Every structure is written in structure tokens, then in C-alpha cells.
Amino acid sequence: MRAVRYHEYGDTEVLAVETVDRPEPRADELLVEVHAAAVNPVDTYFRTGEYTPAGLPMIPGADLAGTVTAVGPGVQSLEPGDRVFGTGLGRNRQGTYAEYAVGPEDNLAKLPDGVSFQEAAAVALVGVTSWRALMDHGGLALGDTCLVHGGSGGVGHVAVQLAAAAGAKVIATARPEYQARLADLGTDLTFDYRREDLAEAVIDAGRPDVILDHRLDDYLQFDATVGHVGTRVVGIGNTNPAAGFEDVAAARAKDLQLVLMSMFNTPSYRPILSQLATRMDAGDLQPEIARTYDLADAAAAQRAVLDDQFLGKLVVEP
């Protein structure tokens with residue numbers, strides 16, 4: 001099969017399309033013919049060695065959507081021919097930028113016929129991340145106000161939709177060119193994150209009960225400022241390892257609740273994936289596909305996911 005691999009850590013130049021042996025499923029695993037694989041920032045962190053992958057050479061990619069072609073011993077819920085999608089790969093096992101990939105049964109769920117492979121791959125990692133952040137860690141409830149930093153991003157645009165579906169008032173930050181589309185997806189108010197009076201605007205809109213923060217190094221103190229007593233902040237990312245509060249006392253005065261999470265720590269993927277599939281099938285969750293790439297263009301896709309501005313997700317199609 002064709003697969004993108006890197007044999008050493010480095011810039012995107014280390015990525016190359018190679019012909020490798022097709023993997024075989026072991027106990028509780030499935031072999032999937034990959035029709036689409038999403039591109040996520042975390043893919044680049046493994047490539048650079050910032051995060052440690054399973055080993056080298058390594059196939060990147062955490063998400064996939066495709067068709068089951070073989071199952072290993074013990075698999076009960078899926079069978080060859082099933083349409084599936086999944087996530088949580090590419091860390092302690094080979095990833096999904098390939099024509100075939102192997103994944104554990106719990107990392108995969110059935111994909112309804114009415115949902116495209118592109119959409120399913122695009123929603124998997126960011127959907128599980130958003131669900132875990134808002135529902136499991138944030139305890140988002142009907143009537144809550146939810147602030148989503150980076151509403152146009154992969155996680156952000158899905159989190160907006162999940163929060164709206166949960167009956168929350170949704171405030172997001174995004175560039176002006178994306179705000180109309182985010183309103184279609186469920187935001188009540190969207191503010192340009194570059195405005196100087198952003199904190200005042202958020203407070204005037206309603207202090208949030210739950211905040212989804214993808215840039216803790218930029219917004220952690222901001223979260224303490226705009227939140228009320230007991231606001232729950234869920235941190236899913238940062239670009240500076242020294243992220244922290246400038247004024248801890250201000251955060252303590254709010255009894256701020258802070259949870260830091262990683263999608264890869266999800267206890268069980270399938271129940272969440274099944275919830276996402278149901279919502280996509282009903283038309284209540286619409287992942288946005290900004291661009292698609294061939295395997296040969298994986299390096300360009302990984303550069304774009306970090307450097308370019310777009311709404312939604314990037315997808316590789318083997």
C-alpha cells in the first residue's frame with residue numbers, strides 16, 4: 001500500500017510517500033481501507049518529536065474514515081464492508097495517512113450512509129475533543145453561556161455546534177470573514193479576537209459558565225477576567241509551555257475551575273463517535289472541509305494546518 005512516512009524527526013521535508021506492507025489486524029483490531037484522513041496540528045507535533053510517537057519510521061494521522069476490509073479475533077460490533085470512522089490513532093500505533101490502517105474496535109464506530117467519508121474524518125478527533133471538553137469536563141448544561149476561543153478552527157467550529165445543540169448561549173472569537181458562517185452553525189455572538197476591548201465585549205454579552213480555551217498561553221488570565229465565580233475552563237492547547245496566570249489571586253477570587261485535557265486520554269471513543277454520527281446523520285452537526293489533499297501533498301497539508309487561516313478542517317484522501 002501507499003503511505004506517508006517519516007524516518008526521522010524534522011520539518012515537513014521528512015514526510016515521503018512510500019510503498020509499505022499492508023498491516024494485518026490482531027485481536028480486537030480492524031483493518032480499514034482509508035478513504036479520508038483528517039490533518040490535525042497534533043500530527044505535526046509527533047513529526048517534530050515534540051510528542052513521542054510509537055516509533056520510527058512512522059505514519060502520521062489520528063483520524064480516518066473508510067471501509068472495514070478485515071477483522072481480528074474478538075471483534076464483535078463491526079464486520080467487513082461496514083462504513084466506519086474513528087480517531088485516537090497515530091500515537092501509540094501507526095497512523096492514517098495511508099491506503100489502509102489498523103485500529104482497535106473501540107476507536108471506531110459505524111458511519112451512516114448519509115455522511116460522507118470526508119465529513120466523518122474531519123469530525124472525529126475534533127468532535128471527540130469538543131465533546132469531552134464541553135460535556136465531560138465542562139459539564140455544559142441547558143441555559144449555560146459558553147465561550148469558545150478560536151471558533152473557526154477545527155475544534156472550535158464543532159464545539160460551537162455541540163454547545164448550541166445542548167441549549168447553551170454560544171459566544172465565540174473569530175476573524176470577521178468567518179463570523180457569518182459561525183452564526184449559521186450556532187453562535188449567538190462572535191467577536192474578532194483582535195479587538196482591544198474583547199474582555200469588555202464578552203462580559204457585556206454575559207460572563208461564561210464554560211470556556212473552551214485552545215491557547216492557554218494567550219487567554220488563561222483573560223478567562224479569569226471574563227468568568228464569574230465557578231466558571232469552568234477547559235484547556236485543550238497552548239503554544240508556549242510556560243503558559244500561566246499573571247494574577248493568580250484574580251483566578252482564586254473567582255473560584256475558577258481549570259481542567260487540562262488531551263483527547264488521547266479518552267476512556268472510550270466509540271460512545272462519543274456514535275453520538276457524533278447520529279448528529280451528523282440528522283444534520284445537526286456539519287463539519288466544514290476547507291481543503292482536500294492527495295497523499296503526495298501531505299507536507300503541504302501539515303504546513304497549512306499550522307500556518308494558514310481557514311474555517312474547518314483539512315483532509316487527505318489516499
# chains A, B, ... in the order shown; residues from 1 in each chain; ligands from 1

$ closest_atom_pairs --of "stretch 130-173 of chain A" --to "stretch 178-183 of chain A" --cutoff "8 Å" --atoms "only C-alpha atoms" --output "tab-separated table"
residue	atom	partner	partner_atom	distance
A:Gly151	CA	A:Leu182	CA	7.4
A:Ser152	CA	A:Tyr178	CA	6.6
A:His157	CA	A:Leu182	CA	7.1
A:Val160	CA	A:Leu182	CA	7.8

$ residues_around --residues "A:Leu111" --least-positions-apart "2" --cutoff "9 Å" --atoms "only C-alpha atoms" --output "compact mmCIF listing (two decimals) with N, CA, C and O atoms, in the first residue's frame"
# COMPACT_ATOMS: atom_id res chain seq x y z
N ALA A 65 -11.65 7.70 7.99
CA ALA A 65 -12.98 7.21 7.62
C ALA A 65 -12.79 6.31 6.43
O ALA A 65 -12.00 6.60 5.53
N GLY A 66 -13.50 5.20 6.42
CA GLY A 66 -13.32 4.26 5.32
C GLY A 66 -14.19 3.02 5.49
O GLY A 66 -15.21 3.04 6.17
N ASP A 82 -18.47 -2.77 6.44
CA ASP A 82 -19.05 -1.67 7.20
C ASP A 82 -18.32 -0.36 6.92
O ASP A 82 -17.08 -0.32 6.81
N ARG A 83 -19.09 0.71 6.81
CA ARG A 83 -18.52 2.05 6.74
C ARG A 83 -18.24 2.50 8.17
O ARG A 83 -19.10 2.41 9.04
N VAL A 84 -17.02 3.01 8.41
CA VAL A 84 -16.63 3.38 9.77
C VAL A 84 -15.84 4.69 9.76
O VAL A 84 -15.35 5.13 8.72
N PHE A 85 -15.73 5.27 10.94
CA PHE A 85 -14.80 6.38 11.14
C PHE A 85 -14.25 6.27 12.54
O PHE A 85 -14.82 5.60 13.41
N ALA A 109 -16.34 3.59 14.95
CA ALA A 109 -17.80 3.48 15.05
C ALA A 109 -18.39 3.43 13.66
O ALA A 109 -17.78 3.89 12.68
N ASP A 113 -24.90 5.95 6.17
CA ASP A 113 -24.73 6.08 4.72
C ASP A 113 -24.83 7.53 4.25
O ASP A 113 -24.24 7.90 3.24
N GLY A 114 -25.58 8.35 4.98
CA GLY A 114 -25.78 9.72 4.54
C GLY A 114 -24.66 10.67 4.89
O GLY A 114 -24.72 11.86 4.54
N VAL A 115 -23.61 10.17 5.56
CA VAL A 115 -22.49 11.02 5.95
C VAL A 115 -21.28 10.65 5.10
O VAL A 115 -20.92 9.48 4.99
N SER A 116 -20.63 11.64 4.49
CA SER A 116 -19.50 11.36 3.60
C SER A 116 -18.27 10.96 4.41
O SER A 116 -18.13 11.31 5.59
N PHE A 117 -17.35 10.27 3.74
CA PHE A 117 -16.10 9.90 4.39
C PHE A 117 -15.30 11.15 4.76
O PHE A 117 -14.66 11.19 5.82
N ALA A 120 -16.76 12.63 7.95
CA ALA A 120 -16.52 11.79 9.12
C ALA A 120 -15.08 11.89 9.59
O ALA A 120 -14.81 12.00 10.79
N SER A 274 -20.25 7.54 18.21
CA SER A 274 -21.62 7.18 17.82
C SER A 274 -22.56 8.38 18.00
O SER A 274 -23.46 8.60 17.18
N ALA A 277 -21.91 10.62 15.08
CA ALA A 277 -22.50 10.06 13.86
C ALA A 277 -23.99 10.33 13.81
O ALA A 277 -24.54 10.70 12.75
N THR A 278 -24.67 10.16 14.94
CA THR A 278 -26.11 10.42 14.99
C THR A 278 -26.41 11.88 14.66
O THR A 278 -27.36 12.17 13.90
N ASP A 281 -25.80 12.55 10.93
CA ASP A 281 -26.85 11.94 10.12
C ASP A 281 -28.13 12.75 10.17
O ASP A 281 -28.87 12.83 9.18

$ closest_residue --among "A:Pro208, A:Pro57, A:Pro241, A:Pro41" --to "A:Glu8" --atoms "only C-alpha atoms"
A:Pro57

$ closest_residue --among "A:Ala168, A:Ala224, A:Val4, A:Ala300" --to "A:Gly90" --atoms "only C-alpha atoms"
A:Val4

$ atom_distance --atom1 "atom CA of A:Val155" --atom2 "atom CA of A:Leu134"
11.2 Å

$ select_by_dssp --residues "stretch 99-244 of chain A" --states "helix (DSSP H, G or I)" --output "PyMOL selection string"
chain A and resi 105-107+117-137+154-165+176-185+198-205+216-226

$ residues_around --residues "A:Val248" --least-positions-apart "2" --cutoff "12 Å" --atoms "only C-alpha atoms" --output "list in words"
Leu220, Gln221, Phe222, Asp223, Ala224, Thr225, Gly244, Phe245, Glu246, Ala250, Ala251, Arg252, Ala253, Lys254, Asp255 and Leu256 of chain A

$ write_last_selection --atoms "N, CA and C atoms" --output "mmCIF file, in the first residue's frame"
data_model
loop_
_atom_site.group_PDB
_atom_site.id
_atom_site.type_symbol
_atom_site.label_atom_id
_atom_site.label_comp_id
_atom_site.auth_asym_id
_atom_site.auth_seq_id
_atom_site.Cartn_x
_atom_site.Cartn_y
_atom_site.Cartn_z
ATOM 1 N N LEU A 220 -5.394 32.456 29.307
ATOM 2 C CA LEU A 220 -5.718 31.927 30.627
ATOM 3 C C LEU A 220 -6.094 33.039 31.605
ATOM 4 N N GLN A 221 -5.310 34.111 31.637
ATOM 5 C CA GLN A 221 -5.664 35.227 32.508
ATOM 6 C C GLN A 221 -6.941 35.912 32.036
ATOM 7 N N PHE A 222 -7.116 35.995 30.720
ATOM 8 C CA PHE A 222 -8.344 36.542 30.141
ATOM 9 C C PHE A 222 -9.556 35.756 30.630
ATOM 10 N N ASP A 223 -9.439 34.438 30.671
ATOM 11 C CA ASP A 223 -10.542 33.591 31.124
ATOM 12 C C ASP A 223 -10.944 33.930 32.559
ATOM 13 N N ALA A 224 -9.931 34.165 33.394
ATOM 14 C CA ALA A 224 -10.218 34.532 34.778
ATOM 15 C C ALA A 224 -10.908 35.888 34.857
ATOM 16 N N THR A 225 -10.543 36.779 33.954
ATOM 17 C CA THR A 225 -11.130 38.120 33.954
ATOM 18 C C THR A 225 -12.601 38.092 33.554
ATOM 19 N N GLY A 244 0.580 30.484 31.887
ATOM 20 C CA GLY A 244 0.178 30.585 33.277
ATOM 21 C C GLY A 244 -0.576 31.856 33.560
ATOM 22 N N PHE A 245 -0.972 32.022 34.795
ATOM 23 C CA PHE A 245 -1.695 33.221 35.209
ATOM 24 C C PHE A 245 -0.714 34.354 35.506
ATOM 25 N N GLU A 246 -1.092 35.556 35.101
ATOM 26 C CA GLU A 246 -0.344 36.739 35.507
ATOM 27 C C GLU A 246 -0.777 37.170 36.903
ATOM 28 N N ALA A 250 -6.553 36.793 41.204
ATOM 29 C CA ALA A 250 -7.786 37.088 40.477
ATOM 30 C C ALA A 250 -8.522 35.810 40.104
ATOM 31 N N ALA A 251 -7.773 34.779 39.750
ATOM 32 C CA ALA A 251 -8.392 33.498 39.424
ATOM 33 C C ALA A 251 -8.965 32.832 40.666
ATOM 34 N N ARG A 252 -8.254 32.940 41.787
ATOM 35 C CA ARG A 252 -8.760 32.366 43.040
ATOM 36 C C ARG A 252 -10.013 33.085 43.508
ATOM 37 N N ALA A 253 -10.060 34.371 43.260
ATOM 38 C CA ALA A 253 -11.228 35.139 43.672
ATOM 39 C C ALA A 253 -12.490 34.693 42.949
ATOM 40 N N LYS A 254 -12.310 34.085 41.774
ATOM 41 C CA LYS A 254 -13.448 33.587 41.001
ATOM 42 C C LYS A 254 -13.736 32.104 41.281
ATOM 43 N N ASP A 255 -12.951 31.469 42.172
ATOM 44 C CA ASP A 255 -13.063 30.015 42.332
ATOM 45 C C ASP A 255 -13.007 29.332 40.956
ATOM 46 N N LEU A 256 -12.109 29.822 40.121
ATOM 47 C CA LEU A 256 -12.022 29.318 38.746
ATOM 48 C C LEU A 256 -11.663 27.830 38.749
#

$ residues_around --residues "A:Pro176" --least-positions-apart "6" --cutoff "10 Å" --atoms "only C-alpha atoms" --output "NGL selection string"
:A and (190-193)

$ atom_distance --atom1 "atom CA of A:Pro287" --atom2 "atom CA of A:Leu147"
19.2 Å

$ closest_residue --among "A:Glu288, A:Asp209, A:Asp307, A:Asp197" --to "A:Gly227" --atoms "only C-alpha atoms"
A:Asp209

$ residues_around --residues "A:Gly237" --least-positions-apart "4" --cutoff "8 Å" --atoms "only C-alpha atoms" --output "short mmCIF file (atom, residue, chain, number, x, y, z; two decimals) with N, CA and C atoms, in the first residue's frame"
data_model
loop_
_atom_site.label_atom_id
_atom_site.label_comp_id
_atom_site.auth_asym_id
_atom_site.auth_seq_id
_atom_site.Cartn_x
_atom_site.Cartn_y
_atom_site.Cartn_z
N ASP A 213 -10.70 26.73 25.82
CA ASP A 213 -9.51 27.53 25.54
C ASP A 213 -8.46 26.70 24.82
N HIS A 214 -8.15 27.09 23.57
CA HIS A 214 -7.16 26.38 22.78
C HIS A 214 -5.80 27.05 22.82
N ARG A 215 -5.70 28.19 23.50
CA ARG A 215 -4.44 28.94 23.59
C ARG A 215 -4.25 29.44 25.02
N LEU A 216 -3.94 28.51 25.92
CA LEU A 216 -3.83 28.87 27.32
C LEU A 216 -2.76 29.92 27.58
#

$ residues_around --residues "A:Gly143" --least-positions-apart "6" --cutoff "12 Å" --atoms "only C-alpha atoms" --output "mmCIF file with N, CA, C and O atoms, in the first residue's frame"
data_model
loop_
_atom_site.group_PDB
_atom_site.id
_atom_site.type_symbol
_atom_site.label_atom_id
_atom_site.label_comp_id
_atom_site.auth_asym_id
_atom_site.auth_seq_id
_atom_site.Cartn_x
_atom_site.Cartn_y
_atom_site.Cartn_z
ATOM 1 N N ALA A 163 -22.290 22.929 21.512
ATOM 2 C CA ALA A 163 -22.778 23.785 22.584
ATOM 3 C C ALA A 163 -24.172 24.320 22.265
ATOM 4 O O ALA A 163 -25.053 24.359 23.130
ATOM 5 N N ALA A 164 -24.381 24.731 21.018
ATOM 6 C CA ALA A 164 -25.698 25.228 20.624
ATOM 7 C C ALA A 164 -26.752 24.139 20.741
ATOM 8 O O ALA A 164 -27.873 24.381 21.207
ATOM 9 N N ALA A 165 -26.386 22.914 20.322
ATOM 10 C CA ALA A 165 -27.334 21.805 20.396
ATOM 11 C C ALA A 165 -27.674 21.449 21.836
ATOM 12 O O ALA A 165 -28.755 20.920 22.113
ATOM 13 N N ALA A 166 -26.761 21.743 22.766
ATOM 14 C CA ALA A 166 -27.004 21.468 24.184
ATOM 15 C C ALA A 166 -27.864 22.538 24.844
ATOM 16 O O ALA A 166 -28.178 22.442 26.028
ATOM 17 N N GLY A 167 -28.223 23.567 24.077
ATOM 18 C CA GLY A 167 -29.079 24.614 24.620
ATOM 19 C C GLY A 167 -28.334 25.730 25.308
ATOM 20 O O GLY A 167 -28.924 26.471 26.116
ATOM 21 N N ALA A 168 -27.025 25.876 24.995
ATOM 22 C CA ALA A 168 -26.236 26.939 25.596
ATOM 23 C C ALA A 168 -26.295 28.208 24.751
ATOM 24 O O ALA A 168 -26.549 28.161 23.545
ATOM 25 N N LYS A 169 -26.058 29.335 25.389
ATOM 26 C CA LYS A 169 -25.779 30.568 24.664
ATOM 27 C C LYS A 169 -24.313 30.509 24.260
ATOM 28 O O LYS A 169 -23.442 30.311 25.107
ATOM 29 N N VAL A 170 -24.021 30.686 22.977
ATOM 30 C CA VAL A 170 -22.669 30.450 22.469
ATOM 31 C C VAL A 170 -22.034 31.763 22.032
ATOM 32 O O VAL A 170 -22.551 32.465 21.154
ATOM 33 N N GLY A 206 -22.310 38.528 28.526
ATOM 34 C CA GLY A 206 -22.705 37.572 29.563
ATOM 35 C C GLY A 206 -21.519 36.739 29.986
ATOM 36 O O GLY A 206 -20.960 36.000 29.177
ATOM 37 N N PRO A 208 -19.224 33.895 30.873
ATOM 38 C CA PRO A 208 -19.449 32.485 30.520
ATOM 39 C C PRO A 208 -19.381 31.546 31.714
ATOM 40 O O PRO A 208 -18.623 31.755 32.659
ATOM 41 N N ASP A 209 -20.197 30.497 31.635
ATOM 42 C CA ASP A 209 -20.143 29.408 32.613
ATOM 43 C C ASP A 209 -19.054 28.400 32.258
ATOM 44 O O ASP A 209 -18.441 27.797 33.136
ATOM 45 N N VAL A 210 -18.845 28.202 30.941
ATOM 46 C CA VAL A 210 -17.850 27.253 30.437
ATOM 47 C C VAL A 210 -17.030 27.956 29.370
ATOM 48 O O VAL A 210 -17.582 28.633 28.493
#

$ select_by_dssp --residues "stretch 10-54 of chain A" --states "strand (DSSP E)" --output "PyMOL selection string"
chain A and resi 16-19+29-39
